[in-house]
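Enquirer: Questions regarding the structure given below will be posed in turn.
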Amino acid sequence: MTGLNSLGKETLSRKTTIVTLTTDFGSADGYTGIVKGVILGIAPKTVIVDITHEVKPWDLRAAGWILGNSYKYFPRGSIHVVVVDPGVGTDCRPLVVVCSQAIFIAPDNGVLSWVLKDCPHCQAYELTSSKFWLNPVSNTFHARDIYAPIAAHLAKGVSPQRLATPIDSQLLIRLPCPSVRIFEDWLIGEVVHVDHFGNLVTNIPGDLAMQARECVVGDCHIGAITKTYASVTAGTPTAIIGSHGFIEIVVCQGMADSVLGLGVGEPIKVKLSATYY
Amino acid sequence: MTGLNSLGKETLSRKTTIVTLTTDFGSADGYTGIVKGVILGIAPKTVIVDITHEVKPWDLRAAGWILGNSYKYFPRGSIHVVVVDPGVGTDCRPLVVVCSQAIFIAPDNGVLSWVLKDCPHCQAYELTSSKFWLNPVSNTFHARDIYAPIAAHLAKGVSPQRLATPIDSQLLIRLPCPSVRIFEDWLIGEVVHVDHFGNLVTNIPGDLAMQARECVVGDCHIGAITKTYASVTAGTPTAIIGSHGFIEIVVCQGMADSVLGLGVGEPIKVKLSATYY
Amino acid sequence: MTGLNSLGKETLSRKTTIVTLTTDFGSADGYTGIVKGVILGIAPKTVIVDITHEVKPWDLRAAGWILGNSYKYFPRGSIHVVVVDPGVGTDCRPLVVVCSQAIFIAPDNGVLSWVLKDCPHCQAYELTSSKFWLNPVSNTFHARDIYAPIAAHLAKGVSPQRLATPIDSQLLIRLPCPSVRIFEDWLIGEVVHVDHFGNLVTNIPGDLAMQARECVVGDCHIGAITKTYASVTAGTPTAIIGSHGFIEIVVCQGMADSVLGLGVGEPIKVKLSATYY
């Protein structure tokens, strides 16, 4: 628990703490502005950073995956609020999860699954002390009424113990994260995210596949891993090691998802042997 | 006027002041970035928060309603700039409105109607002192040339009296805000906003209707008020007390507007008697 | 070089420096949040402002044009990162360009063309000192791995000379910026941008055309320059001097691009004589 204690101290002594937001709220209704107003009212020196508010409504998997890829790039001690909450107002527990790198605030609905894979030694808490929440608490907007004030109190240096009750992190809800299998001389995974550029991000780690001479995604034979988007002519699909460290199927200056007609869940296999398929 | 004076002093002594932005500018053209550049050039310590820039072009009603629901969650003394301005460059007056909670900057076109309902004792000013504006002032981008520098000067503690001329707040343009009527044993209102989740937000206050056993929106009989989105099975419409404090017609994990084929302006009636309809 | 030196000193002594971001990353995937996390990890006092992340993927021209219109409104010494990078991972050089007003960070692919027109006496540098970058550097996300840490080090006051190698700014890649011609008594230009409101922004400077009695865009005769959007009845196209200082073809409370069926590249001509066409 030394890591957690030192993180607690660091947070207290920082002049500014970062709070990030990852939600499915969109940007049209003012909901994210309201959350920021609540945070800044309690902790005026907080620096608030939007990770995204454009998660597809109720897509826990996408939100969790994006957060899992993003939090590592923020300074140690940052506080990450992730609210995709189809069960808001039910008995889904509001959580704080503290690990050596960061603090996470989210409902206990699986959205932290990707973070929890990285942080086996985290300490989880259930938010129970309603005196730190807005009053009254609505049944529909816990980001405003519970998560924002809790983030702000943590940013000011209030310890998680004062805000919440320790619980067993092994009992948190986890979504199945698709795993990579080996079958004969193939690595078999799947497309886990399609980004703004239409790139098909898979779950096959780049370091396992760097020498691969053949990738097959859906029914499309893509060929060898190439170095950059621009290694092939415009419009041609290719496989690269993407910025997340995983194999991505991309189309140079094109949208791979629409060119290939593929999306999340599509199987991908990568030949381990250097022999051309 | 004690409230206004104390607000003035508070603003002066704060290290940082919040300026929020509510516009129909979208996020594609750099317009909102330019507004922020102007503010930060004059008042570098300002914390700028986007409420939304995705108001439908020229939709004064939506912008005013969103601002009216958002400003209360920001710290006292925050400055709220709202620019939806179909008449930019005409003789529509640029305003500053000071109330005990906040300062508002907007054109005199009705976009402050929802705020003015809350703040009957506000003090209004017409912006007249062009030496505080950018020079020259365009006919098309007053947010950059007038509203942003005025927000920045106010954030630095310049008093409204130095920037503007007092006017009678009773003469400001107000849009008709749809009201709730009682007819026999029904409360009758309408849908005033459709949010990113497709929720139909009405103008019927939740505290009047908490015991209601029957809601009818358009031709759809919805039934009783339930506690949460998740009180019914996925795909079923229900009525809840939403986060704004008003009745919302929602569909659990679905978009009520498309499921029901309804939008802004649709009548809703709620039976006051506890007897089932 | 006096201007550059004094800018360097100013940057060093400022408490906070602004870093702006102009990209085609969209807002759905967390990419912009990650860039901000990297910057704030190195330079926690930086104020980060989004100019836009909604540039059409790989549209260097649009990104460069938007940046060229925006940077002037930010305080002197601001650092502008623009990343639209179809050639990411290839041997396209990463640049820092210092001028008296601002510092620009971008790939050498022409996206700085509009800025370079304004700043003939700038000093260009190629980013060569990888010890200031994230390690390892991916082939696909230089904004995170190279541009963000460089922006942060500059914001902290590290001199460009320590981060990069001086190069000849005359050799930077420049895109052709469409120019205005005179033919008989007409000024001939083109539509260079269509904004969120459907306004057709041209490259014909307003001060040359203020007296014009006749504009023709595509096959549409628009008539004289008017003062404001609201100078004509709703739905009617007109020509105004837009906020960028150029002639814009607009439709009062309508979208000119769809009303007229016109877009970027469309020719426009403006009669210089005061005689009606």
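In the structure tokens, chains take the letters A, B, ... in the order shown, each chain's residues start at 1, and ligands count up from 1 in the order shown.
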Give me the residues near range 105-121 of chain B as JSON, numbers by chain, where near means some atom within 10 Å (using only C-alpha atoms) and where sequence neighbours in that chain fewer than 4 positions away do not count.

Expert: {"B": [1, 3, 4, 21, 22, 59, 60, 61, 62, 63, 64, 65, 66, 67, 68, 69, 71, 72, 79, 80, 81, 82, 83, 84, 85, 86, 87, 88, 91, 92, 93, 94, 95, 96, 97, 98, 99, 100, 101, 125, 126, 127, 142, 143, 146, 147, 148, 150, 151, 169, 170, 171, 172, 173, 174, 175, 176, 177]}

Enquirer: Would you mind listing, for every residue of chain B within 9 Å of chain A, the two atoms forming the shortest contact and the distance between them in Å to one decimal, using only C-alpha atoms, sorted by chain and ascending residue number, as a Markdown table?

Expert:
| residue | atom | partner | partner_atom | distance |
| --- | --- | --- | --- | --- |
| B:Thr16 | CA | A:Pro44 | CA | 7.9 |
| B:Ile18 | CA | A:Leu40 | CA | 8.6 |
| B:Thr20 | CA | A:Gly33 | CA | 8.2 |
| B:Thr22 | CA | A:Gly30 | CA | 8.4 |
| B:Val49 | CA | A:Gly33 | CA | 6.5 |
| B:Asp50 | CA | A:Gly33 | CA | 5.9 |
| B:Ile51 | CA | A:Gly33 | CA | 4.3 |
| B:Thr52 | CA | A:Gly30 | CA | 5.3 |
| B:His53 | CA | A:Ala28 | CA | 7.0 |
| B:Glu54 | CA | A:Ala28 | CA | 4.9 |
| B:Val55 | CA | A:Ala28 | CA | 6.4 |
| B:Lys56 | CA | A:Ala28 | CA | 8.9 |
| B:Ala62 | CA | A:Asp29 | CA | 8.9 |
| B:Ile66 | CA | A:Gly30 | CA | 6.2 |
| B:Leu67 | CA | A:Gly30 | CA | 7.7 |
| B:Asn69 | CA | A:Gly30 | CA | 8.4 |
| B:Ser70 | CA | A:Ile34 | CA | 5.6 |
| B:Tyr71 | CA | A:Ile34 | CA | 7.7 |
| B:Lys72 | CA | A:Ile34 | CA | 8.6 |
| B:Tyr73 | CA | A:Gly37 | CA | 5.4 |
| B:Phe74 | CA | A:Gly37 | CA | 4.2 |
| B:Pro75 | CA | A:Gly41 | CA | 4.8 |
| B:Arg76 | CA | A:Gly41 | CA | 8.3 |
| B:Val194 | CA | A:Asp29 | CA | 8.8 |
| B:Asp195 | CA | A:Asp29 | CA | 6.1 |
| B:His196 | CA | A:Gly26 | CA | 6.2 |
| B:Phe197 | CA | A:Pro57 | CA | 6.9 |
| B:Lys227 | CA | A:Asn139 | CA | 6.9 |
| B:Thr228 | CA | A:Gly89 | CA | 5.4 |
| B:Tyr229 | CA | A:Gly87 | CA | 7.1 |
| B:Ala230 | CA | A:Gly87 | CA | 5.8 |
| B:Ser231 | CA | A:Thr90 | CA | 8.1 |
| B:Ile240 | CA | A:Thr140 | CA | 8.8 |
| B:Ile241 | CA | A:Asn139 | CA | 7.9 |
| B:Gly242 | CA | A:Thr140 | CA | 6.1 |
| B:Ser243 | CA | A:Thr140 | CA | 5.6 |
| B:His244 | CA | A:Ser138 | CA | 8.9 |
| B:Gly245 | CA | A:Ser138 | CA | 8.3 |
| B:Cys252 | CA | A:Pro86 | CA | 8.0 |
| B:Gln253 | CA | A:Pro86 | CA | 6.5 |
| B:Gly254 | CA | A:Pro57 | CA | 8.9 |

Enquirer: Name the residues of range 40-208 of chain B that fall into strand (DSSP E or B) according to DSSP on the backbone, using the chain letters and numbers of this document, as number ranges by chain.

Expert: B: 47-52, 78-83, 94-98, 102-107, 123-127, 164-167, 181-183, 186-194, 200-205

Enquirer: Among range 95-202 of chain C, which residues carry a DSSP assignment of alpha helix (DSSP H), reported as a PyMOL selection string?

Expert: chain C and resi 113-118+142+148-155+160-163

Enquirer: Would you put the residues from that selection into a file with N, CA, C and O atoms, as a short mmCIF file (atom, residue, chain, number, x, y, z; two decimals), in the first residue's frame?

Expert:
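Here's the written file again-v5.cif:
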data_model
loop_
_atom_site.label_atom_id
_atom_site.label_comp_id
_atom_site.auth_asym_id
_atom_site.auth_seq_id
_atom_site.Cartn_x
_atom_site.Cartn_y
_atom_site.Cartn_z
N SER C 113 1.42 26.57 -44.75
CA SER C 113 1.54 27.50 -45.88
C SER C 113 0.93 28.87 -45.60
O SER C 113 1.50 29.90 -45.96
N TRP C 114 -0.24 28.90 -44.98
CA TRP C 114 -0.94 30.17 -44.77
C TRP C 114 -0.20 31.01 -43.73
O TRP C 114 -0.14 32.23 -43.81
N VAL C 115 0.35 30.35 -42.71
CA VAL C 115 1.15 31.03 -41.70
C VAL C 115 2.43 31.59 -42.33
O VAL C 115 2.83 32.74 -42.06
N LEU C 116 3.07 30.82 -43.19
CA LEU C 116 4.35 31.24 -43.78
C LEU C 116 4.18 32.46 -44.68
O LEU C 116 5.09 33.28 -44.81
N LYS C 117 2.99 32.59 -45.32
CA LYS C 117 2.72 33.79 -46.12
C LYS C 117 2.78 35.04 -45.25
O LYS C 117 3.20 36.10 -45.68
N ASP C 118 2.28 34.92 -44.00
CA ASP C 118 2.25 36.06 -43.08
C ASP C 118 3.62 36.37 -42.49
O ASP C 118 3.86 37.48 -42.02
N HIS C 142 2.52 10.79 -34.07
CA HIS C 142 3.56 11.74 -33.75
C HIS C 142 3.05 12.91 -32.91
O HIS C 142 3.83 13.54 -32.20
N ALA C 148 3.55 16.83 -29.02
CA ALA C 148 3.09 17.22 -27.67
C ALA C 148 4.26 17.47 -26.74
O ALA C 148 4.32 18.52 -26.09
N PRO C 149 5.24 16.55 -26.63
CA PRO C 149 6.35 16.86 -25.72
C PRO C 149 7.15 18.09 -26.16
O PRO C 149 7.60 18.87 -25.31
N ILE C 150 7.31 18.30 -27.45
CA ILE C 150 8.04 19.49 -27.90
C ILE C 150 7.28 20.76 -27.52
O ILE C 150 7.85 21.73 -27.02
N ALA C 151 5.95 20.75 -27.74
CA ALA C 151 5.15 21.93 -27.35
C ALA C 151 5.31 22.19 -25.87
O ALA C 151 5.46 23.35 -25.43
N ALA C 152 5.32 21.13 -25.07
CA ALA C 152 5.42 21.30 -23.61
C ALA C 152 6.78 21.86 -23.22
O ALA C 152 6.88 22.74 -22.36
N HIS C 153 7.85 21.35 -23.83
CA HIS C 153 9.18 21.88 -23.50
C HIS C 153 9.30 23.34 -23.92
O HIS C 153 9.86 24.16 -23.17
N LEU C 154 8.76 23.70 -25.08
CA LEU C 154 8.77 25.11 -25.48
C LEU C 154 7.95 25.95 -24.49
O LEU C 154 8.34 27.06 -24.12
N ALA C 155 6.81 25.41 -24.06
CA ALA C 155 5.97 26.15 -23.11
C ALA C 155 6.70 26.38 -21.80
O ALA C 155 6.48 27.39 -21.12
N PRO C 160 14.07 26.77 -28.81
CA PRO C 160 13.99 25.92 -30.00
C PRO C 160 15.36 25.34 -30.37
O PRO C 160 15.44 24.20 -30.84
N GLN C 161 16.42 26.10 -30.14
CA GLN C 161 17.76 25.64 -30.50
C GLN C 161 18.15 24.35 -29.79
O GLN C 161 18.93 23.56 -30.32
N ARG C 162 17.65 24.15 -28.57
CA ARG C 162 18.00 22.93 -27.84
C ARG C 162 17.20 21.74 -28.35
O ARG C 162 17.61 20.59 -28.16
N LEU C 163 16.06 21.99 -28.95
CA LEU C 163 15.15 20.92 -29.36
C LEU C 163 15.31 20.52 -30.80
O LEU C 163 14.84 19.46 -31.22
#

Enquirer: List the spatial neighbours of Ser78 in chain B as a list of chain:residue names - criterion: any atom at most 7 Å away, only C-alpha atoms, same-chain residues fewer than 6 positions off excluded.

Expert: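 Near neighbours after the sequence-gap exclusion: B:Thr17, B:Ile18, B:Val19, B:Ala102, B:Ile103.
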
Enquirer: So that I can check the surroundings of Val191 in chain A, please list as a list in words every protein, DNA and RNA residue that reaches within 7 Å of it, counting only C-alpha atoms and ignoring chain neighbours fewer than 3 positions away.

Expert: Leu200, Val201, Thr202, Asn203, Gly263, Val264, Gly265, Glu266, Pro267 and Ile268 of chain A

Enquirer: For a test of reading the model, state the distance in Å between CA of Gly189 in chain B and CA of Ile249 in chain B, rounded to one decimal.

Expert: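 If I compute the distance from CA of Gly189 in chain B to CA of Ile249 in chain B, I get 12.6 Å.
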
Enquirer: In Å, how far is it from CA of Phe246 in chain C to CA of Glu214 in chain C?

Expert: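 A separation of 15.2 Å between them.
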
Enquirer: As an exercise, work out the distance from CA of Ala234 in chain B to CA of Pro136 in chain A in Å and give it to one decimal place.

Expert: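 Separation between CA of Ala234 in chain B and CA of Pro136 in chain A: 26.6 Å.
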